[in-house]
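These notes concern the structure reproduced below.
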Amino acid sequence: MSWRGQLAFKVCNPNKPDKYGVKLYMLAEAKHGYVYDFEVYAGIGKTTTETVMGLMESLKNKGYHLFMDNYYNSAQLSEKLLEEGVYTCGTLRLQCGAPKDLQLQAKGKLPVDKTVFRHKDNTFTILCKDKRVASLITTSHNADTQQVERRKRVHKPDGTSSLQQVTVNKPNPICDYNNNMKGVDHFDQTVRYHFTWKCHKWTKKIMFYFMQMAIHNAFVLYQYYTTDTKKLTLLQFHKVIIWSLLNFDQEVAFPK
């Protein structure tokens, strides 16, 4: 949540569109982005491993699959979650528990379209190279690959180039990771109708942010359960909520 005022636990991330703000850890459903749980980063206290374990507390031993990027992931966390009945898949920083020989191979020249892996029981650490080396760890896959078509720019001898369709071998964990690491992105995309002011105090702004999160979850449930032949758009859904609040004790007027 963007915030540029004075705040003890404000963070700075140059890679984000809003560099300064309040950081939230979110656990979201992969397909539609329903926010199941979240935690506000307070600047001190928990490690990322403790945060992930806390967010997954009520989902342990139920067969869920958790996808996460290399900011959270580690070999120790994947093995710990597997013991709690949670399967994991995600990118991995090699210094966070990858075998030493894989770390050395990643620094060397790995052939294009090459997959290298090591495993300990059901935990697989995988290296593969397409444009660059990617490293993953998974407890819900093995090292099998599948053929995937993608566009590749081919340079011709006359100096021109063209896009061509080529077939490459990708490990199954990468394909599943690309398909399922979109939950929080869905939430970020739907929270585009902002109703906060720059002059709000951070306490008010974060409460409005929580309200937007609740509206997003309600919209996801509406899209899933509605029997209407023509579903409301996100903007129309906002209007329905606004009119419902304005006419709380009266007949609700739904906009066309």
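Each chain in the structure tokens gets a letter, A, B, ..., in the order shown, and its residues are numbered from 1; ligands are numbered from 1 in order too.
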
- Give the strand (DSSP E or B) residues of region 27-253 of chain A, as DSSP finds them on the backbone, and put them as a ChimeraX atom specification. /A:27-28,35-40,65-68,87-91,114-120,123-129,133-138,145-155,161-171

Tell me, as a JSON list (two decimals) with all heavy atoms, in the first residue's frame, which residues lie within 12 Å of Ala134 (chain A), counting only C-alpha atoms; anything in the same chain fewer than 5 positions away does not count.
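Output contents, as saved in selection.json:
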[["chain", "number", "residue", "atom", "x", "y", "z"],
["A", 69, "ASP", "N", 7.55, -17.06, -4.51],
["A", 69, "ASP", "CA", 8.77, -16.69, -5.22],
["A", 69, "ASP", "C", 9.98, -16.80, -4.29],
["A", 69, "ASP", "O", 9.87, -17.19, -3.13],
["A", 69, "ASP", "CB", 8.65, -15.29, -5.83],
["A", 69, "ASP", "CG", 8.41, -14.21, -4.78],
["A", 69, "ASP", "OD1", 8.78, -14.42, -3.61],
["A", 69, "ASP", "OD2", 7.86, -13.15, -5.13],
["A", 70, "ASN", "N", 11.14, -16.43, -4.84],
["A", 70, "ASN", "CA", 12.38, -16.68, -4.09],
["A", 70, "ASN", "C", 12.58, -15.75, -2.90],
["A", 70, "ASN", "O", 13.50, -15.95, -2.12],
["A", 70, "ASN", "CB", 13.60, -16.59, -5.03],
["A", 70, "ASN", "CG", 13.69, -15.24, -5.74],
["A", 70, "ASN", "OD1", 13.14, -14.24, -5.28],
["A", 70, "ASN", "ND2", 14.38, -15.21, -6.85],
["A", 90, "GLY", "N", 8.21, -23.24, -6.26],
["A", 90, "GLY", "CA", 8.57, -21.84, -6.46],
["A", 90, "GLY", "C", 10.02, -21.66, -6.82],
["A", 90, "GLY", "O", 10.81, -22.60, -6.77],
["A", 91, "THR", "N", 10.35, -20.45, -7.20],
["A", 91, "THR", "CA", 11.73, -20.12, -7.52],
["A", 91, "THR", "C", 12.55, -20.11, -6.24],
["A", 91, "THR", "O", 12.02, -19.96, -5.14],
["A", 91, "THR", "CB", 11.81, -18.76, -8.22],
["A", 91, "THR", "OG1", 11.13, -17.78, -7.43],
["A", 91, "THR", "CG2", 11.17, -18.82, -9.60],
["A", 92, "LEU", "N", 13.86, -20.25, -6.41],
["A", 92, "LEU", "CA", 14.73, -20.41, -5.24],
["A", 92, "LEU", "C", 16.04, -19.66, -5.47],
["A", 92, "LEU", "O", 16.64, -19.74, -6.55],
["A", 92, "LEU", "CB", 15.04, -21.90, -5.03],
["A", 92, "LEU", "CG", 16.03, -22.25, -3.91],
["A", 92, "LEU", "CD1", 15.39, -22.02, -2.55],
["A", 92, "LEU", "CD2", 16.48, -23.71, -4.05],
["A", 93, "ARG", "N", 16.46, -18.92, -4.46],
["A", 93, "ARG", "CA", 17.82, -18.38, -4.45],
["A", 93, "ARG", "C", 18.76, -19.52, -4.07],
["A", 93, "ARG", "O", 18.59, -20.13, -3.01],
["A", 93, "ARG", "CB", 17.92, -17.23, -3.46],
["A", 93, "ARG", "CG", 17.04, -16.04, -3.84],
["A", 93, "ARG", "CD", 17.09, -14.96, -2.78],
["A", 93, "ARG", "NE", 16.17, -13.86, -3.09],
["A", 93, "ARG", "CZ", 15.94, -12.82, -2.31],
["A", 93, "ARG", "NH1", 16.56, -12.73, -1.14],
["A", 93, "ARG", "NH2", 15.10, -11.88, -2.67],
["A", 94, "LEU", "N", 19.72, -19.79, -4.93],
["A", 94, "LEU", "CA", 20.53, -21.00, -4.77],
["A", 94, "LEU", "C", 21.26, -21.05, -3.44],
["A", 94, "LEU", "O", 21.55, -22.13, -2.92],
["A", 94, "LEU", "CB", 21.52, -21.11, -5.93],
["A", 94, "LEU", "CG", 20.87, -21.41, -7.28],
["A", 94, "LEU", "CD1", 21.91, -21.34, -8.40],
["A", 94, "LEU", "CD2", 20.20, -22.78, -7.28],
["A", 102, "LEU", "N", 24.91, -27.78, -7.79],
["A", 102, "LEU", "CA", 23.99, -26.98, -8.61],
["A", 102, "LEU", "C", 24.38, -25.51, -8.59],
["A", 102, "LEU", "O", 24.26, -24.81, -9.60],
["A", 102, "LEU", "CB", 22.55, -27.15, -8.13],
["A", 102, "LEU", "CG", 21.86, -28.49, -8.41],
["A", 102, "LEU", "CD1", 20.40, -28.43, -7.99],
["A", 102, "LEU", "CD2", 21.96, -28.86, -9.89],
["A", 103, "GLN", "N", 24.83, -25.04, -7.45],
["A", 103, "GLN", "CA", 25.29, -23.66, -7.36],
["A", 103, "GLN", "C", 26.48, -23.42, -8.29],
["A", 103, "GLN", "O", 26.57, -22.38, -8.95],
["A", 103, "GLN", "CB", 25.66, -23.31, -5.92],
["A", 103, "GLN", "CG", 24.50, -23.36, -4.94],
["A", 103, "GLN", "CD", 24.88, -22.91, -3.55],
["A", 103, "GLN", "OE1", 25.69, -22.00, -3.38],
["A", 103, "GLN", "NE2", 24.29, -23.52, -2.53],
["A", 105, "GLN", "N", 27.16, -25.22, -11.05],
["A", 105, "GLN", "CA", 26.70, -25.33, -12.43],
["A", 105, "GLN", "C", 25.97, -24.06, -12.88],
["A", 105, "GLN", "O", 26.05, -23.66, -14.04],
["A", 105, "GLN", "CB", 25.79, -26.54, -12.59],
["A", 105, "GLN", "CG", 26.50, -27.87, -12.48],
["A", 105, "GLN", "CD", 25.62, -29.03, -12.89],
["A", 105, "GLN", "OE1", 25.07, -29.05, -13.99],
["A", 105, "GLN", "NE2", 25.49, -30.01, -12.00],
["A", 106, "ALA", "N", 25.25, -23.42, -11.97],
["A", 106, "ALA", "CA", 24.55, -22.19, -12.32],
["A", 106, "ALA", "C", 25.52, -21.07, -12.66],
["A", 106, "ALA", "O", 25.23, -20.21, -13.49],
["A", 106, "ALA", "CB", 23.63, -21.77, -11.17],
["A", 107, "LYS", "N", 26.70, -21.07, -12.02],
["A", 107, "LYS", "CA", 27.70, -20.05, -12.30],
["A", 107, "LYS", "C", 28.45, -20.34, -13.59],
["A", 107, "LYS", "O", 29.03, -19.43, -14.20],
["A", 107, "LYS", "CB", 28.70, -19.97, -11.14],
["A", 107, "LYS", "CG", 28.08, -19.46, -9.84],
["A", 107, "LYS", "CD", 29.11, -19.45, -8.72],
["A", 107, "LYS", "CE", 28.50, -18.96, -7.41],
["A", 107, "LYS", "NZ", 29.49, -18.98, -6.30],
["A", 110, "LEU", "N", 25.70, -23.33, -18.63],
["A", 110, "LEU", "CA", 24.70, -24.37, -18.75],
["A", 110, "LEU", "C", 24.11, -24.33, -20.16],
["A", 110, "LEU", "O", 23.70, -23.26, -20.62],
["A", 110, "LEU", "CB", 23.60, -24.18, -17.71],
["A", 110, "LEU", "CG", 22.66, -25.37, -17.45],
["A", 110, "LEU", "CD1", 23.42, -26.50, -16.77],
["A", 110, "LEU", "CD2", 21.49, -24.93, -16.56],
["A", 112, "VAL", "N", 21.69, -24.36, -23.39],
["A", 112, "VAL", "CA", 20.30, -23.92, -23.57],
["A", 112, "VAL", "C", 19.40, -25.15, -23.68],
["A", 112, "VAL", "O", 19.77, -26.17, -24.29],
["A", 112, "VAL", "CB", 20.18, -23.03, -24.82],
["A", 112, "VAL", "CG1", 18.71, -22.65, -25.06],
["A", 112, "VAL", "CG2", 21.04, -21.79, -24.68],
["A", 113, "ASP", "N", 18.20, -25.05, -23.12],
["A", 113, "ASP", "CA", 17.22, -26.13, -23.14],
["A", 113, "ASP", "C", 17.71, -27.35, -22.35],
["A", 113, "ASP", "O", 17.34, -28.49, -22.64],
["A", 113, "ASP", "CB", 16.88, -26.53, -24.57],
["A", 113, "ASP", "CG", 15.45, -27.07, -24.68],
["A", 113, "ASP", "OD1", 14.67, -26.87, -23.74],
["A", 113, "ASP", "OD2", 15.12, -27.70, -25.70],
["A", 114, "LYS", "N", 18.54, -27.09, -21.35],
["A", 114, "LYS", "CA", 19.08, -28.15, -20.51],
["A", 114, "LYS", "C", 18.48, -28.08, -19.12],
["A", 114, "LYS", "O", 18.33, -26.99, -18.54],
["A", 114, "LYS", "CB", 20.61, -28.00, -20.42],
["A", 114, "LYS", "CG", 21.30, -28.97, -19.49],
["A", 114, "LYS", "CD", 21.34, -30.37, -20.08],
["A", 114, "LYS", "CE", 22.20, -31.30, -19.20],
["A", 114, "LYS", "NZ", 22.22, -32.68, -19.74],
["A", 115, "THR", "N", 18.11, -29.23, -18.57],
["A", 115, "THR", "CA", 17.55, -29.30, -17.22],
["A", 115, "THR", "C", 18.43, -30.19, -16.35],
["A", 115, "THR", "O", 18.77, -31.31, -16.74],
["A", 115, "THR", "CB", 16.12, -29.86, -17.25],
["A", 115, "THR", "OG1", 15.29, -29.02, -18.03],
["A", 115, "THR", "CG2", 15.55, -29.95, -15.84],
["A", 116, "VAL", "N", 18.81, -29.67, -15.20],
["A", 116, "VAL", "CA", 19.62, -30.41, -14.23],
["A", 116, "VAL", "C", 18.87, -30.40, -12.90],
["A", 116, "VAL", "O", 18.29, -29.37, -12.53],
["A", 116, "VAL", "CB", 21.02, -29.78, -14.06],
["A", 116, "VAL", "CG1", 21.86, -30.58, -13.08],
["A", 116, "VAL", "CG2", 21.72, -29.65, -15.40],
["A", 117, "PHE", "N", 18.88, -31.51, -12.19],
["A", 117, "PHE", "CA", 18.15, -31.54, -10.92],
["A", 117, "PHE", "C", 18.86, -32.43, -9.91],
["A", 117, "PHE", "O", 19.65, -33.30, -10.26],
["A", 117, "PHE", "CB", 16.71, -32.04, -11.14],
["A", 117, "PHE", "CG", 16.61, -33.51, -11.46],
["A", 117, "PHE", "CD1", 16.41, -34.45, -10.46],
["A", 117, "PHE", "CD2", 16.72, -33.95, -12.78],
["A", 117, "PHE", "CE1", 16.32, -35.81, -10.76],
["A", 117, "PHE", "CE2", 16.63, -35.30, -13.09],
["A", 117, "PHE", "CZ", 16.43, -36.23, -12.08],
["A", 125, "THR", "N", 15.23, -30.00, -6.44],
["A", 125, "THR", "CA", 15.81, -28.71, -6.79],
["A", 125, "THR", "C", 16.23, -28.79, -8.25],
["A", 125, "THR", "O", 16.97, -29.70, -8.64],
["A", 125, "THR", "CB", 17.02, -28.39, -5.91],
["A", 125, "THR", "OG1", 16.65, -28.49, -4.53],
["A", 125, "THR", "CG2", 17.52, -26.98, -6.18],
["A", 126, "ILE", "N", 15.74, -27.84, -9.06],
["A", 126, "ILE", "CA", 15.88, -27.93, -10.52],
["A", 126, "ILE", "C", 16.54, -26.67, -11.06],
["A", 126, "ILE", "O", 16.21, -25.55, -10.65],
["A", 126, "ILE", "CB", 14.48, -28.12, -11.17],
["A", 126, "ILE", "CG1", 13.81, -29.38, -10.62],
["A", 126, "ILE", "CG2", 14.59, -28.19, -12.69],
["A", 126, "ILE", "CD1", 12.37, -29.55, -11.05],
["A", 127, "LEU", "N", 17.46, -26.89, -12.01],
["A", 127, "LEU", "CA", 18.05, -25.81, -12.79],
["A", 127, "LEU", "C", 17.69, -26.04, -14.25],
["A", 127, "LEU", "O", 17.76, -27.16, -14.75],
["A", 127, "LEU", "CB", 19.58, -25.80, -12.68],
["A", 127, "LEU", "CG", 20.25, -25.26, -11.43],
["A", 127, "LEU", "CD1", 21.76, -25.29, -11.64],
["A", 127, "LEU", "CD2", 19.80, -23.85, -11.12],
["A", 128, "CYS", "N", 17.28, -24.99, -14.94],
["A", 128, "CYS", "CA", 17.05, -25.10, -16.37],
["A", 128, "CYS", "C", 17.42, -23.77, -17.02],
["A", 128, "CYS", "O", 17.41, -22.72, -16.36],
["A", 128, "CYS", "CB", 15.60, -25.47, -16.69],
["A", 128, "CYS", "SG", 14.41, -24.20, -16.26],
["A", 129, "LYS", "N", 17.73, -23.83, -18.30],
["A", 129, "LYS", "CA", 18.15, -22.62, -19.00],
["A", 129, "LYS", "C", 17.38, -22.48, -20.30],
["A", 129, "LYS", "O", 17.32, -23.40, -21.10],
["A", 129, "LYS", "CB", 19.66, -22.64, -19.28],
["A", 129, "LYS", "CG", 20.14, -21.35, -19.93],
["A", 129, "LYS", "CD", 21.65, -21.32, -20.08],
["A", 129, "LYS", "CE", 22.09, -20.00, -20.69],
["A", 129, "LYS", "NZ", 23.56, -19.93, -20.86],
["A", 170, "LYS", "N", 10.24, -27.50, -21.24],
["A", 170, "LYS", "CA", 10.21, -26.82, -19.95],
["A", 170, "LYS", "C", 9.84, -27.81, -18.86],
["A", 170, "LYS", "O", 8.94, -28.65, -19.03],
["A", 170, "LYS", "CB", 9.17, -25.69, -19.96],
["A", 170, "LYS", "CG", 9.68, -24.39, -20.53],
["A", 170, "LYS", "CD", 8.70, -23.27, -20.25],
["A", 170, "LYS", "CE", 9.25, -21.93, -20.71],
["A", 170, "LYS", "NZ", 8.32, -20.82, -20.40],
["A", 171, "PRO", "N", 10.48, -27.73, -17.71],
["A", 171, "PRO", "CA", 10.09, -28.59, -16.58],
["A", 171, "PRO", "C", 8.65, -28.29, -16.14],
["A", 171, "PRO", "O", 8.21, -27.13, -16.19],
["A", 171, "PRO", "CB", 11.09, -28.21, -15.48],
["A", 171, "PRO", "CG", 12.25, -27.62, -16.20],
["A", 171, "PRO", "CD", 11.68, -26.93, -17.41],
["A", 173, "PRO", "N", 7.36, -28.11, -13.19],
["A", 173, "PRO", "CA", 7.22, -27.11, -12.11],
["A", 173, "PRO", "C", 7.21, -25.68, -12.61],
["A", 173, "PRO", "O", 6.48, -24.84, -12.08],
["A", 173, "PRO", "CB", 8.46, -27.37, -11.24],
["A", 173, "PRO", "CG", 8.82, -28.78, -11.50],
["A", 173, "PRO", "CD", 8.47, -29.03, -12.93],
["A", 174, "ILE", "N", 7.98, -25.36, -13.66],
["A", 174, "ILE", "CA", 8.00, -23.99, -14.18],
["A", 174, "ILE", "C", 6.67, -23.65, -14.82],
["A", 174, "ILE", "O", 6.13, -22.55, -14.65],
["A", 174, "ILE", "CB", 9.15, -23.83, -15.20],
["A", 174, "ILE", "CG1", 10.49, -23.82, -14.47],
["A", 174, "ILE", "CG2", 9.00, -22.55, -16.00],
["A", 174, "ILE", "CD1", 11.68, -23.53, -15.35],
["A", 177, "TYR", "N", 4.20, -23.12, -12.06],
["A", 177, "TYR", "CA", 4.53, -21.88, -11.35],
["A", 177, "TYR", "C", 4.04, -20.67, -12.14],
["A", 177, "TYR", "O", 3.43, -19.75, -11.58],
["A", 177, "TYR", "CB", 6.04, -21.81, -11.14],
["A", 177, "TYR", "CG", 6.53, -20.53, -10.51],
["A", 177, "TYR", "CD1", 6.48, -20.35, -9.13],
["A", 177, "TYR", "CD2", 7.05, -19.50, -11.28],
["A", 177, "TYR", "CE1", 6.93, -19.18, -8.54],
["A", 177, "TYR", "CE2", 7.51, -18.32, -10.70],
["A", 177, "TYR", "CZ", 7.44, -18.17, -9.34],
["A", 177, "TYR", "OH", 7.88, -17.01, -8.76]]

- Message: For region 165-167 of chain A, find every residue with an atom within 8 Å (counting only C-alpha atoms), except residues of its own chain fewer than 3 positions away, and show them as an MDAnalysis selection string.
- Response: chainID A and resid 147:152

Take the residues that were just selected and, keeping all heavy atoms, output them as a short mmCIF file (atom, residue, chain, number, x, y, z; two decimals), in the first residue's frame.
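The result, stored in again-v1.cif:
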data_model
loop_
_atom_site.label_atom_id
_atom_site.label_comp_id
_atom_site.auth_asym_id
_atom_site.auth_seq_id
_atom_site.Cartn_x
_atom_site.Cartn_y
_atom_site.Cartn_z
N GLN A 147 6.76 -30.18 -23.68
CA GLN A 147 7.08 -29.31 -24.81
C GLN A 147 6.13 -28.12 -24.83
O GLN A 147 4.91 -28.28 -24.74
CB GLN A 147 6.99 -30.07 -26.13
CG GLN A 147 8.09 -31.10 -26.30
CD GLN A 147 8.11 -31.70 -27.69
OE1 GLN A 147 7.10 -31.72 -28.39
NE2 GLN A 147 9.28 -32.19 -28.11
N VAL A 148 6.71 -26.94 -24.92
CA VAL A 148 5.94 -25.69 -24.90
C VAL A 148 6.37 -24.85 -26.10
O VAL A 148 7.56 -24.75 -26.41
CB VAL A 148 6.21 -24.90 -23.60
CG1 VAL A 148 5.45 -23.57 -23.61
CG2 VAL A 148 5.81 -25.73 -22.38
N GLU A 149 5.39 -24.29 -26.77
CA GLU A 149 5.69 -23.42 -27.91
C GLU A 149 5.79 -21.97 -27.44
O GLU A 149 4.99 -21.51 -26.63
CB GLU A 149 4.60 -23.53 -28.99
CG GLU A 149 4.61 -24.86 -29.72
CD GLU A 149 3.66 -24.86 -30.91
OE1 GLU A 149 2.89 -23.87 -31.05
OE2 GLU A 149 3.68 -25.82 -31.68
N ARG A 150 6.77 -21.27 -27.95
CA ARG A 150 6.93 -19.86 -27.64
C ARG A 150 7.55 -19.15 -28.83
O ARG A 150 8.11 -19.78 -29.73
CB ARG A 150 7.78 -19.64 -26.40
CG ARG A 150 9.26 -19.93 -26.56
CD ARG A 150 10.02 -19.44 -25.34
NE ARG A 150 11.44 -19.65 -25.43
CZ ARG A 150 12.28 -18.81 -26.03
NH1 ARG A 150 11.81 -17.70 -26.62
NH2 ARG A 150 13.58 -19.05 -26.07
N ARG A 151 7.43 -17.84 -28.84
CA ARG A 151 8.00 -17.05 -29.93
C ARG A 151 9.46 -16.71 -29.62
O ARG A 151 9.78 -16.35 -28.50
CB ARG A 151 7.19 -15.79 -30.16
CG ARG A 151 5.80 -16.06 -30.72
CD ARG A 151 5.10 -14.77 -31.11
NE ARG A 151 4.94 -13.89 -29.96
CZ ARG A 151 4.44 -12.65 -30.04
NH1 ARG A 151 4.08 -12.16 -31.23
NH2 ARG A 151 4.32 -11.92 -28.97
N LYS A 152 10.30 -16.82 -30.62
CA LYS A 152 11.72 -16.52 -30.46
C LYS A 152 12.18 -15.63 -31.61
O LYS A 152 11.83 -15.86 -32.78
CB LYS A 152 12.53 -17.81 -30.45
CG LYS A 152 14.02 -17.60 -30.25
CD LYS A 152 14.76 -18.92 -30.23
CE LYS A 152 16.26 -18.73 -30.02
NZ LYS A 152 16.98 -20.02 -30.03
#

- Task: Could you please determine the separation between CA of Thr233 (chain A) and CA of Val184 (chain A) in Å, to one decimal place?
- Result: 19.5 Å

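Coordinates place CA of Thr145 (chain A) at a distance of 5.3 Å from CA of Asn172 (chain A).
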
- Residue nearest His216 (chain A) among A:Val22, A:Val35, A:Ile241, A:Cys96 (counting only C-alpha atoms):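 Closest residue, counting only C-alpha atoms: A:Val35.
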
- Item | Nearest-residue call for Lys62 (chain A), choices A:Ile215, A:Leu81, A:Val86, A:Met181, using only C-alpha atoms | A:Val86

- From A:Ala8, A:Ile44, A:Leu82, A:Met1, residue lying nearest Asp121 (chain A) [only C-alpha atoms]: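 Looking at the shortest contact to Asp121 (chain A), the residue is A:Leu82.
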
- Item | Gap from CA of Gln95 (chain A) to CA of Leu27 (chain A) - Å, one decimal |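 Separating CA of Gln95 (chain A) from CA of Leu27 (chain A) is a distance of 24.8 Å.
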
- Message: Please extract the residues of region 15-183 of chain A with a backbone DSSP assignment of alpha helix (DSSP H) and present them as an MDAnalysis selection string.
- Response: chainID A and resid 48:55 75:83 100:107 172:180 183

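Taking only C-alpha atoms into account, Asn61 (chain A) lies nearest to A:Gly85 out of the set A:Gly85, A:Asp228, A:Lys46, A:Asp18.
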